[in-house]
>>> print(open('query-v3.txt').read())   # compact mmCIF, C-alpha atoms
# COMPACT_ATOMS: atom_id res chain seq x y z
CA MET A 1 39.91 43.12 -92.28
CA ASN A 2 37.04 45.58 -91.89
CA ASP A 3 37.69 48.44 -89.46
CA TYR A 4 34.32 50.13 -89.03
CA SER A 5 33.80 52.61 -86.22
CA ILE A 6 30.52 52.70 -84.31
CA LYS A 7 29.69 55.95 -86.13
CA GLU A 8 30.22 54.35 -89.53
CA LEU A 9 28.16 51.34 -88.52
CA SER A 10 25.30 53.49 -87.28
CA GLU A 11 25.18 55.32 -90.62
CA MET A 12 25.62 52.38 -92.94
CA GLY A 13 22.16 50.77 -93.03
CA ALA A 14 21.94 47.22 -94.34
CA PHE A 15 25.19 45.29 -93.96
CA GLU A 16 25.64 41.62 -94.73
CA CYS A 17 28.70 39.53 -95.32
CA SER A 18 29.81 35.92 -95.56
CA PHE A 19 32.84 33.71 -95.99
CA GLU A 20 33.48 30.05 -96.70
CA VAL A 21 35.51 27.56 -94.75
CA GLU A 22 36.16 23.83 -95.06
CA VAL A 23 36.36 21.83 -91.84
CA THR A 24 39.48 19.67 -91.81
CA GLU A 25 40.61 16.70 -89.74
CA GLN A 26 43.43 18.89 -88.45
CA MET A 27 40.98 21.51 -87.11
CA GLN A 28 39.02 18.77 -85.39
CA LYS A 29 42.16 17.36 -83.72
CA ALA A 30 43.43 20.79 -82.71
CA PHE A 31 40.04 21.65 -81.19
CA ALA A 32 39.96 18.42 -79.15
CA GLU A 33 43.42 19.35 -77.88
CA ILE A 34 42.51 22.96 -76.97
CA SER A 35 39.17 22.23 -75.36
CA GLY A 36 40.10 18.94 -73.72
CA ASP A 37 36.78 17.52 -74.97
CA GLN A 38 37.65 13.88 -75.63
CA ASN A 39 34.07 12.67 -76.14
CA PRO A 40 34.20 9.76 -78.64
CA LEU A 41 31.24 11.19 -80.59
CA HIS A 42 33.86 13.45 -82.22
CA ILE A 43 36.60 10.84 -82.56
CA SER A 44 35.24 7.31 -83.03
CA LEU A 45 33.39 6.25 -86.18
CA GLU A 46 31.94 3.25 -84.35
CA PHE A 47 30.63 5.33 -81.46
CA ALA A 48 29.21 8.01 -83.78
CA LYS A 49 27.38 5.31 -85.77
CA SER A 50 26.01 3.80 -82.57
CA LYS A 51 24.42 7.23 -81.93
CA GLY A 52 22.86 7.38 -85.39
CA PHE A 53 25.38 9.60 -87.18
CA GLU A 54 27.22 8.83 -90.41
CA GLU A 55 30.61 9.87 -89.10
CA PRO A 56 32.21 11.50 -86.06
CA LEU A 57 30.56 14.89 -85.51
CA VAL A 58 32.52 18.09 -85.73
CA PHE A 59 32.45 19.76 -82.29
CA GLY A 60 29.61 22.28 -82.11
CA MET A 61 31.96 24.72 -80.46
CA LEU A 62 34.46 24.30 -83.30
CA THR A 63 31.73 25.31 -85.73
CA ALA A 64 30.96 28.21 -83.37
CA SER A 65 34.60 29.33 -83.51
CA PHE A 66 33.81 30.69 -86.98
CA TYR A 67 31.51 33.23 -85.31
CA SER A 68 34.68 34.60 -83.71
CA ARG A 69 36.11 35.19 -87.20
CA LEU A 70 32.85 36.72 -88.42
CA VAL A 71 32.92 39.31 -85.65
CA GLY A 72 36.68 39.81 -85.37
CA VAL A 73 37.43 40.13 -89.07
CA TYR A 74 34.24 41.23 -90.81
CA MET A 75 31.44 42.57 -88.63
CA PRO A 76 32.51 44.96 -87.14
CA GLY A 77 36.11 43.71 -87.62
CA LEU A 78 39.22 45.36 -86.17
CA HIS A 79 37.55 47.33 -83.37
CA SER A 80 35.35 44.52 -82.09
CA LEU A 81 35.19 43.07 -78.61
CA PHE A 82 33.17 39.85 -78.26
CA HIS A 83 30.54 40.32 -75.52
CA GLU A 84 27.94 37.60 -75.83
CA LEU A 85 26.84 34.72 -78.02
CA LYS A 86 23.69 32.67 -78.24
CA ALA A 87 24.24 29.76 -80.62
CA SER A 88 22.21 26.71 -81.61
CA PHE A 89 23.50 23.62 -83.35
CA ILE A 90 20.82 22.33 -85.68
CA LYS A 91 22.29 19.68 -87.96
CA PRO A 92 25.43 17.54 -87.86
CA VAL A 93 28.66 18.90 -89.35
CA TYR A 94 31.23 16.39 -90.60
CA VAL A 95 34.91 16.76 -91.44
CA GLY A 96 35.16 17.82 -95.10
CA ASP A 97 31.97 19.88 -95.01
CA LYS A 98 32.26 23.25 -96.74
CA LEU A 99 30.52 25.81 -94.59
CA THR A 100 29.27 29.28 -95.44
CA VAL A 101 29.26 31.58 -92.45
CA SER A 102 27.05 34.63 -92.89
CA GLY A 103 26.14 37.61 -90.78
CA ARG A 104 23.68 40.46 -90.89
CA LEU A 105 24.01 43.63 -88.85
CA GLU A 106 20.78 43.52 -86.88
CA GLU A 107 21.11 46.46 -84.54
CA VAL A 108 23.54 49.28 -83.82
CA GLN A 109 23.34 50.53 -80.24
CA ALA A 110 25.51 53.62 -80.78
CA GLU A 111 25.11 54.99 -77.25
CA TYR A 112 26.33 51.67 -75.83
CA CYS A 113 29.04 51.27 -78.49
CA ARG A 114 27.84 47.83 -79.43
CA VAL A 115 26.21 45.94 -82.26
CA VAL A 116 23.98 42.90 -82.52
CA VAL A 117 24.75 40.48 -85.35
CA LYS A 118 22.44 37.72 -86.56
CA ALA A 119 24.52 34.90 -87.96
CA ALA A 120 24.05 31.49 -89.53
CA ILE A 121 26.15 28.68 -90.91
CA HIS A 122 25.05 26.58 -93.89
CA ASN A 123 26.71 23.48 -95.32
CA GLN A 124 27.48 22.68 -98.98
CA ARG A 125 23.94 21.31 -99.41
CA GLY A 126 22.42 24.59 -98.26
CA GLU A 127 21.27 23.16 -94.94
CA LYS A 128 21.45 25.47 -91.94
CA VAL A 129 23.69 23.75 -89.39
CA SER A 130 23.89 26.54 -86.82
CA LYS A 131 22.44 29.94 -86.06
CA ALA A 132 23.51 32.59 -83.59
CA THR A 133 22.89 36.01 -82.17
CA ILE A 134 26.06 37.82 -81.20
CA THR A 135 26.59 41.04 -79.27
CA ALA A 136 29.92 42.75 -79.81
CA GLY A 137 31.41 45.96 -78.51
CA VAL A 138 32.86 48.44 -80.99
CA THR A 139 35.86 50.17 -79.44
CA ARG A 140 36.20 53.08 -81.86
CA MET B 141 34.48 10.46 -68.41
CA ASN B 142 31.00 10.46 -66.85
CA ASP B 143 28.40 8.37 -68.66
CA TYR B 144 25.09 9.30 -67.05
CA SER B 145 21.83 8.29 -68.70
CA ILE B 146 18.86 10.66 -68.70
CA LYS B 147 17.20 8.38 -66.12
CA GLU B 148 20.20 8.59 -63.80
CA LEU B 149 20.36 12.35 -64.22
CA SER B 150 16.68 12.77 -63.44
CA GLU B 151 17.09 10.80 -60.20
CA MET B 152 20.35 12.31 -59.01
CA GLY B 153 19.31 15.67 -57.54
CA ALA B 154 22.07 18.23 -56.98
CA PHE B 155 25.05 17.73 -59.28
CA GLU B 156 27.99 20.08 -59.57
CA CYS B 157 31.45 19.63 -60.98
CA SER B 158 34.50 21.60 -62.00
CA PHE B 159 37.92 21.29 -63.56
CA GLU B 160 40.96 23.51 -63.98
CA VAL B 161 42.79 24.48 -67.12
CA GLU B 162 45.67 26.82 -67.90
CA VAL B 163 45.45 28.83 -71.11
CA THR B 164 48.69 28.51 -73.08
CA GLU B 165 50.21 30.45 -75.97
CA GLN B 166 49.90 27.27 -78.03
CA MET B 167 46.11 27.10 -77.46
CA GLN B 168 45.81 30.73 -78.49
CA LYS B 169 47.77 30.14 -81.72
CA ALA B 170 45.88 26.95 -82.54
CA PHE B 171 42.55 28.70 -81.99
CA ALA B 172 43.52 31.59 -84.31
CA GLU B 173 44.41 28.96 -86.91
CA ILE B 174 41.15 26.99 -86.55
CA SER B 175 38.80 29.94 -86.41
CA GLY B 176 40.61 32.16 -88.89
CA ASP B 177 40.12 35.07 -86.48
CA GLN B 178 43.25 37.13 -87.03
CA ASN B 179 42.09 40.20 -85.09
CA PRO B 180 45.23 41.83 -83.59
CA LEU B 181 43.50 42.25 -80.21
CA HIS B 182 44.47 38.59 -79.66
CA ILE B 183 47.92 38.77 -81.23
CA SER B 184 49.55 42.19 -80.85
CA LEU B 185 50.67 43.56 -77.47
CA GLU B 186 50.77 47.06 -78.88
CA PHE B 187 47.23 46.88 -80.29
CA ALA B 188 45.83 45.31 -77.10
CA LYS B 189 47.42 48.10 -75.02
CA SER B 190 45.95 50.73 -77.36
CA LYS B 191 42.54 49.26 -76.47
CA GLY B 192 43.21 49.46 -72.74
CA PHE B 193 44.21 45.85 -72.04
CA GLU B 194 47.39 44.65 -70.34
CA GLU B 195 48.15 42.00 -72.92
CA PRO B 196 46.59 40.35 -75.97
CA LEU B 197 43.20 38.94 -74.98
CA VAL B 198 42.47 35.25 -75.14
CA PHE B 199 39.69 34.69 -77.69
CA GLY B 200 36.31 34.60 -75.96
CA MET B 201 35.38 31.60 -78.05
CA LEU B 202 38.56 29.80 -76.96
CA THR B 203 37.47 30.29 -73.34
CA ALA B 204 34.03 29.05 -74.41
CA SER B 205 35.58 25.89 -75.87
CA PHE B 206 35.97 24.69 -72.28
CA TYR B 207 32.18 24.53 -72.08
CA SER B 208 32.43 21.81 -74.73
CA ARG B 209 34.64 19.80 -72.37
CA LEU B 210 32.30 20.47 -69.42
CA VAL B 211 29.38 19.00 -71.31
CA GLY B 212 31.18 16.30 -73.31
CA VAL B 213 33.25 14.87 -70.48
CA TYR B 214 31.49 15.71 -67.21
CA MET B 215 27.89 16.88 -67.43
CA PRO B 216 26.32 14.69 -68.76
CA GLY B 217 29.50 13.29 -70.36
CA LEU B 218 29.63 10.38 -72.82
CA HIS B 219 26.01 10.48 -74.00
CA SER B 220 25.82 14.24 -74.54
CA LEU B 221 24.92 16.10 -77.68
CA PHE B 222 25.56 19.85 -77.60
CA HIS B 223 22.33 21.68 -78.53
CA GLU B 224 22.62 25.30 -77.52
CA LEU B 225 24.83 27.74 -75.67
CA LYS B 226 24.33 31.22 -74.34
CA ALA B 227 27.65 32.61 -73.14
CA SER B 228 28.82 36.00 -71.89
CA PHE B 229 32.40 37.20 -71.64
CA ILE B 230 32.74 39.39 -68.60
CA LYS B 231 36.41 40.05 -67.89
CA PRO B 232 39.60 39.70 -69.95
CA VAL B 233 41.43 36.37 -70.00
CA TYR B 234 45.17 36.40 -70.69
CA VAL B 235 47.56 33.64 -71.72
CA GLY B 236 48.85 31.99 -68.54
CA ASP B 237 45.58 32.46 -66.64
CA LYS B 238 44.51 29.41 -64.67
CA LEU B 239 40.79 28.97 -65.14
CA THR B 240 38.28 26.98 -63.13
CA VAL B 241 35.35 25.81 -65.23
CA SER B 242 32.32 24.82 -63.17
CA GLY B 243 28.86 23.53 -63.93
CA ARG B 244 25.65 22.92 -62.07
CA LEU B 245 22.86 20.71 -63.36
CA GLU B 246 20.01 23.21 -63.46
CA GLU B 247 17.22 21.21 -65.05
CA VAL B 248 16.55 17.69 -66.32
CA GLN B 249 13.88 17.58 -69.03
CA ALA B 250 13.53 13.80 -69.05
CA GLU B 251 10.69 13.69 -71.61
CA TYR B 252 12.79 15.70 -74.04
CA CYS B 253 16.00 13.80 -73.19
CA ARG B 254 17.89 16.95 -72.44
CA VAL B 255 19.49 18.85 -69.60
CA VAL B 256 20.19 22.50 -68.87
CA VAL B 257 23.57 23.29 -67.31
CA LYS B 258 24.49 26.61 -65.68
CA ALA B 259 28.21 27.14 -66.05
CA ALA B 260 30.82 29.71 -65.13
CA ILE B 261 34.55 30.24 -65.54
CA HIS B 262 36.67 31.96 -62.88
CA ASN B 263 40.33 33.00 -63.09
CA GLN B 264 43.09 32.42 -60.50
CA ARG B 265 42.02 35.58 -58.66
CA GLY B 266 38.48 34.28 -58.25
CA GLU B 267 37.05 36.71 -60.79
CA LYS B 268 34.23 35.43 -62.99
CA VAL B 269 35.42 35.81 -66.59
CA SER B 270 32.51 34.08 -68.33
CA LYS B 271 29.12 32.57 -67.61
CA ALA B 272 26.91 30.37 -69.71
CA THR B 273 23.67 28.45 -69.95
CA ILE B 274 23.98 25.26 -71.99
CA THR B 275 21.33 22.88 -73.27
CA ALA B 276 22.53 19.39 -74.12
CA GLY B 277 20.77 16.31 -75.35
CA VAL B 278 21.30 13.05 -73.49
CA THR B 279 21.27 10.14 -75.94
CA ARG B 280 20.83 7.27 -73.48
>>> encode(input="query-v3.txt", output="structure tokens")
Amino acid sequence: MNDYSIKELSEMGAFECSFEVEVTEQMQKAFAEISGDQNPLHISLEFAKSKGFEEPLVFGMLTASFYSRLVGVYMPGLHSLFHELKASFIKPVYVGDKLTVSGRLEEVQAEYCRVVVKAAIHNQRGEKVSKATITAGVTR
Amino acid sequence: MNDYSIKELSEMGAFECSFEVEVTEQMQKAFAEISGDQNPLHISLEFAKSKGFEEPLVFGMLTASFYSRLVGVYMPGLHSLFHELKASFIKPVYVGDKLTVSGRLEEVQAEYCRVVVKAAIHNQRGEKVSKATITAGVTR
């Protein structure tokens, strides 16, 4: 886990990082349970097909949960406090997709002890499935 | 589950709804598992206290998962497709907090088959812990 301070971040210049994650059936079920979102688009093959998709869609907000890991583990890591997120969902994500979550340190607002991270998620075919701008506090 | 069509939404005028949910330890653990966010701010009492919080913080993105339910079950419900979210986390949420998630239909863009929902989450003391603007497609 990275543990950058706001001072280190403000002196570090370009900073990018990424990690990979495979979306599993178990994640999808656990997310439905947590969120209480029982929309059949994420559960029923028949319903998903009736809406023009190949398979049930992974919840957008499950995909977005990986932004929490990006900020909390990598950028800035240990001393982060999630403030704000703007996320778009651009292409369908299906169970079994292998996603690459990447972030770039866009701005360090040292006086406000916060950073702005530009993030994106691509699937195994290199298609961008989501993008986000995240503001996080840095508490050290 | 609501199943409004874009036509019904565009004719309905004011539309608000809300639901309640209690955040449990199990949700918190399942979310850490799904997201891979192992930041101790959400796990360790000692670390959370060192950062000035009473207890480990509920993940912001776990709180935001309830926006998925708001859109997928209530507003617009069955025929929704999550497009975009802008969410802020304003006050700490702790395990055991009883949250009220509320939404107001802000805009119906009938030609684009999408709606804009203004949403907020309050805790049991009436404090606003998060707010969001959500854009969702309506597929019927």
>>> axis_aligned_box(input="query-v3.txt", around="region 181-189 of chain B", padding_each_side="5 Å", output="AutoDock Vina command-line options")
--center_x 47.1 --center_y 43.3 --center_z -78.1 --size_x 17.3 --size_y 19.5 --size_z 16.2
>>> calpha_fit_and_write(input="query-v3.txt", fixed="chain A", moving="chain B", output="compact mmCIF listing (two decimals) with C-alpha atoms, keeping the file's coordinate frame")
# COMPACT_ATOMS: atom_id res chain seq x y z
CA MET B 141 39.93 43.10 -92.27
CA ASN B 142 37.06 45.59 -91.88
CA ASP B 143 37.70 48.45 -89.47
CA TYR B 144 34.32 50.13 -89.03
CA SER B 145 33.80 52.62 -86.21
CA ILE B 146 30.52 52.70 -84.30
CA LYS B 147 29.68 55.96 -86.11
CA GLU B 148 30.22 54.36 -89.51
CA LEU B 149 28.16 51.34 -88.51
CA SER B 150 25.29 53.48 -87.28
CA GLU B 151 25.18 55.34 -90.61
CA MET B 152 25.62 52.38 -92.94
CA GLY B 153 22.16 50.78 -93.03
CA ALA B 154 21.94 47.23 -94.37
CA PHE B 155 25.19 45.29 -93.98
CA GLU B 156 25.63 41.62 -94.73
CA CYS B 157 28.69 39.52 -95.32
CA SER B 158 29.80 35.92 -95.58
CA PHE B 159 32.83 33.71 -95.99
CA GLU B 160 33.48 30.05 -96.71
CA VAL B 161 35.52 27.56 -94.76
CA GLU B 162 36.17 23.84 -95.06
CA VAL B 163 36.36 21.84 -91.84
CA THR B 164 39.48 19.67 -91.82
CA GLU B 165 40.61 16.70 -89.75
CA GLN B 166 43.43 18.89 -88.46
CA MET B 167 40.97 21.51 -87.11
CA GLN B 168 39.01 18.76 -85.39
CA LYS B 169 42.16 17.35 -83.72
CA ALA B 170 43.42 20.79 -82.71
CA PHE B 171 40.04 21.66 -81.20
CA ALA B 172 39.96 18.43 -79.15
CA GLU B 173 43.42 19.35 -77.89
CA ILE B 174 42.52 22.95 -76.97
CA SER B 175 39.18 22.23 -75.36
CA GLY B 176 40.10 18.94 -73.72
CA ASP B 177 36.79 17.52 -74.97
CA GLN B 178 37.66 13.89 -75.64
CA ASN B 179 34.08 12.68 -76.13
CA PRO B 180 34.21 9.77 -78.63
CA LEU B 181 31.24 11.19 -80.57
CA HIS B 182 33.85 13.44 -82.22
CA ILE B 183 36.59 10.84 -82.55
CA SER B 184 35.24 7.31 -83.02
CA LEU B 185 33.40 6.23 -86.17
CA GLU B 186 31.96 3.25 -84.35
CA PHE B 187 30.63 5.34 -81.45
CA ALA B 188 29.20 8.01 -83.77
CA LYS B 189 27.38 5.31 -85.78
CA SER B 190 26.00 3.80 -82.56
CA LYS B 191 24.42 7.22 -81.92
CA GLY B 192 22.87 7.37 -85.38
CA PHE B 193 25.39 9.60 -87.16
CA GLU B 194 27.22 8.84 -90.40
CA GLU B 195 30.62 9.86 -89.10
CA PRO B 196 32.21 11.50 -86.06
CA LEU B 197 30.56 14.88 -85.50
CA VAL B 198 32.51 18.09 -85.72
CA PHE B 199 32.44 19.77 -82.29
CA GLY B 200 29.61 22.29 -82.11
CA MET B 201 31.96 24.73 -80.46
CA LEU B 202 34.47 24.30 -83.30
CA THR B 203 31.72 25.32 -85.74
CA ALA B 204 30.95 28.20 -83.38
CA SER B 205 34.59 29.33 -83.51
CA PHE B 206 33.81 30.69 -86.98
CA TYR B 207 31.52 33.22 -85.31
CA SER B 208 34.69 34.61 -83.71
CA ARG B 209 36.12 35.19 -87.19
CA LEU B 210 32.83 36.72 -88.41
CA VAL B 211 32.92 39.30 -85.65
CA GLY B 212 36.69 39.82 -85.36
CA VAL B 213 37.44 40.15 -89.06
CA TYR B 214 34.24 41.25 -90.81
CA MET B 215 31.45 42.58 -88.62
CA PRO B 216 32.53 44.96 -87.14
CA GLY B 217 36.11 43.72 -87.62
CA LEU B 218 39.23 45.36 -86.15
CA HIS B 219 37.56 47.33 -83.35
CA SER B 220 35.35 44.50 -82.08
CA LEU B 221 35.19 43.06 -78.61
CA PHE B 222 33.18 39.84 -78.27
CA HIS B 223 30.54 40.31 -75.54
CA GLU B 224 27.95 37.59 -75.84
CA LEU B 225 26.84 34.72 -78.03
CA LYS B 226 23.70 32.66 -78.24
CA ALA B 227 24.24 29.76 -80.63
CA SER B 228 22.21 26.71 -81.61
CA PHE B 229 23.49 23.61 -83.36
CA ILE B 230 20.83 22.33 -85.68
CA LYS B 231 22.28 19.67 -87.96
CA PRO B 232 25.44 17.53 -87.85
CA VAL B 233 28.65 18.89 -89.35
CA TYR B 234 31.23 16.39 -90.60
CA VAL B 235 34.91 16.77 -91.43
CA GLY B 236 35.16 17.82 -95.09
CA ASP B 237 31.96 19.88 -95.00
CA LYS B 238 32.26 23.23 -96.73
CA LEU B 239 30.52 25.81 -94.59
CA THR B 240 29.26 29.27 -95.44
CA VAL B 241 29.26 31.59 -92.44
CA SER B 242 27.04 34.63 -92.89
CA GLY B 243 26.14 37.63 -90.79
CA ARG B 244 23.67 40.46 -90.91
CA LEU B 245 24.00 43.63 -88.86
CA GLU B 246 20.76 43.51 -86.89
CA GLU B 247 21.12 46.47 -84.56
CA VAL B 248 23.55 49.30 -83.83
CA GLN B 249 23.34 50.54 -80.23
CA ALA B 250 25.51 53.60 -80.77
CA GLU B 251 25.12 54.97 -77.22
CA TYR B 252 26.33 51.67 -75.80
CA CYS B 253 29.04 51.26 -78.47
CA ARG B 254 27.83 47.84 -79.43
CA VAL B 255 26.21 45.95 -82.27
CA VAL B 256 23.98 42.90 -82.53
CA VAL B 257 24.76 40.48 -85.36
CA LYS B 258 22.43 37.71 -86.56
CA ALA B 259 24.52 34.91 -87.98
CA ALA B 260 24.03 31.51 -89.55
CA ILE B 261 26.15 28.69 -90.93
CA HIS B 262 25.04 26.57 -93.90
CA ASN B 263 26.70 23.45 -95.33
CA GLN B 264 27.46 22.66 -98.99
CA ARG B 265 23.92 21.30 -99.42
CA GLY B 266 22.40 24.58 -98.28
CA GLU B 267 21.26 23.15 -94.95
CA LYS B 268 21.45 25.46 -91.94
CA VAL B 269 23.70 23.74 -89.40
CA SER B 270 23.89 26.53 -86.82
CA LYS B 271 22.43 29.94 -86.05
CA ALA B 272 23.51 32.58 -83.61
CA THR B 273 22.88 36.01 -82.18
CA ILE B 274 26.07 37.83 -81.21
CA THR B 275 26.60 41.05 -79.28
CA ALA B 276 29.93 42.76 -79.82
CA GLY B 277 31.40 45.95 -78.50
CA VAL B 278 32.85 48.44 -80.97
CA THR B 279 35.87 50.18 -79.44
CA ARG B 280 36.19 53.10 -81.86
>>> closest_residue(input="query-v3.txt", among="A:Ala87, A:Gly36, A:Glu8, A:Val129", to="Leu57 (chain A)", atoms="all atoms listed in the file")
A:Val129
>>> atom_distance(input="query-v3.txt", atom1="CA of Phe89 (chain A)", atom2="CA of Glu107 (chain A)")
23.0 Å
>>> residues_around(input="query-v3.txt", residues="Gln28 (chain A)", least_positions_apart="5", cutoff="12 Å", atoms="only C-alpha atoms", output="count of residues only")
30
>>> residues_around(input="query-v3.txt", residues="Ser80 (chain A)", least_positions_apart="5", cutoff="6 Å", atoms="all atoms listed in the file", output="MDAnalysis selection string")
chainID A and resid 72 137:138
>>> closest_residue(input="query-v3.txt", among="A:Phe47, A:Tyr74, A:Tyr4, A:Phe66", to="chain B", atoms="only C-alpha atoms")
A:Phe66
>>> residues_near_point(input="query-v3.txt", point="(26.3, 18.6, -58.7)", cutoff="7 Å", atoms="all atoms listed in the file", output="PDB file with C-alpha atoms, in the frame of the given file")
ATOM      1  CA  ALA B 154      22.070  18.230 -56.980  1.00  0.00           C
ATOM      2  CA  PHE B 155      25.050  17.730 -59.280  1.00  0.00           C
ATOM      3  CA  GLU B 156      27.990  20.080 -59.570  1.00  0.00           C
ATOM      4  CA  CYS B 157      31.450  19.630 -60.980  1.00  0.00           C
ATOM      5  CA  ARG B 244      25.650  22.920 -62.070  1.00  0.00           C
ATOM      6  CA  LEU B 245      22.860  20.710 -63.360  1.00  0.00           C
TER       7      LEU B 245
END
>>> atom_distance(input="query-v3.txt", atom1="CA of Tyr67 (chain A)", atom2="CA of Met12 (chain A)")
21.4 Å
>>> atom_distance(input="query-v3.txt", atom1="CA of Val248 (chain B)", atom2="CA of Ile274 (chain B)")
12.0 Å
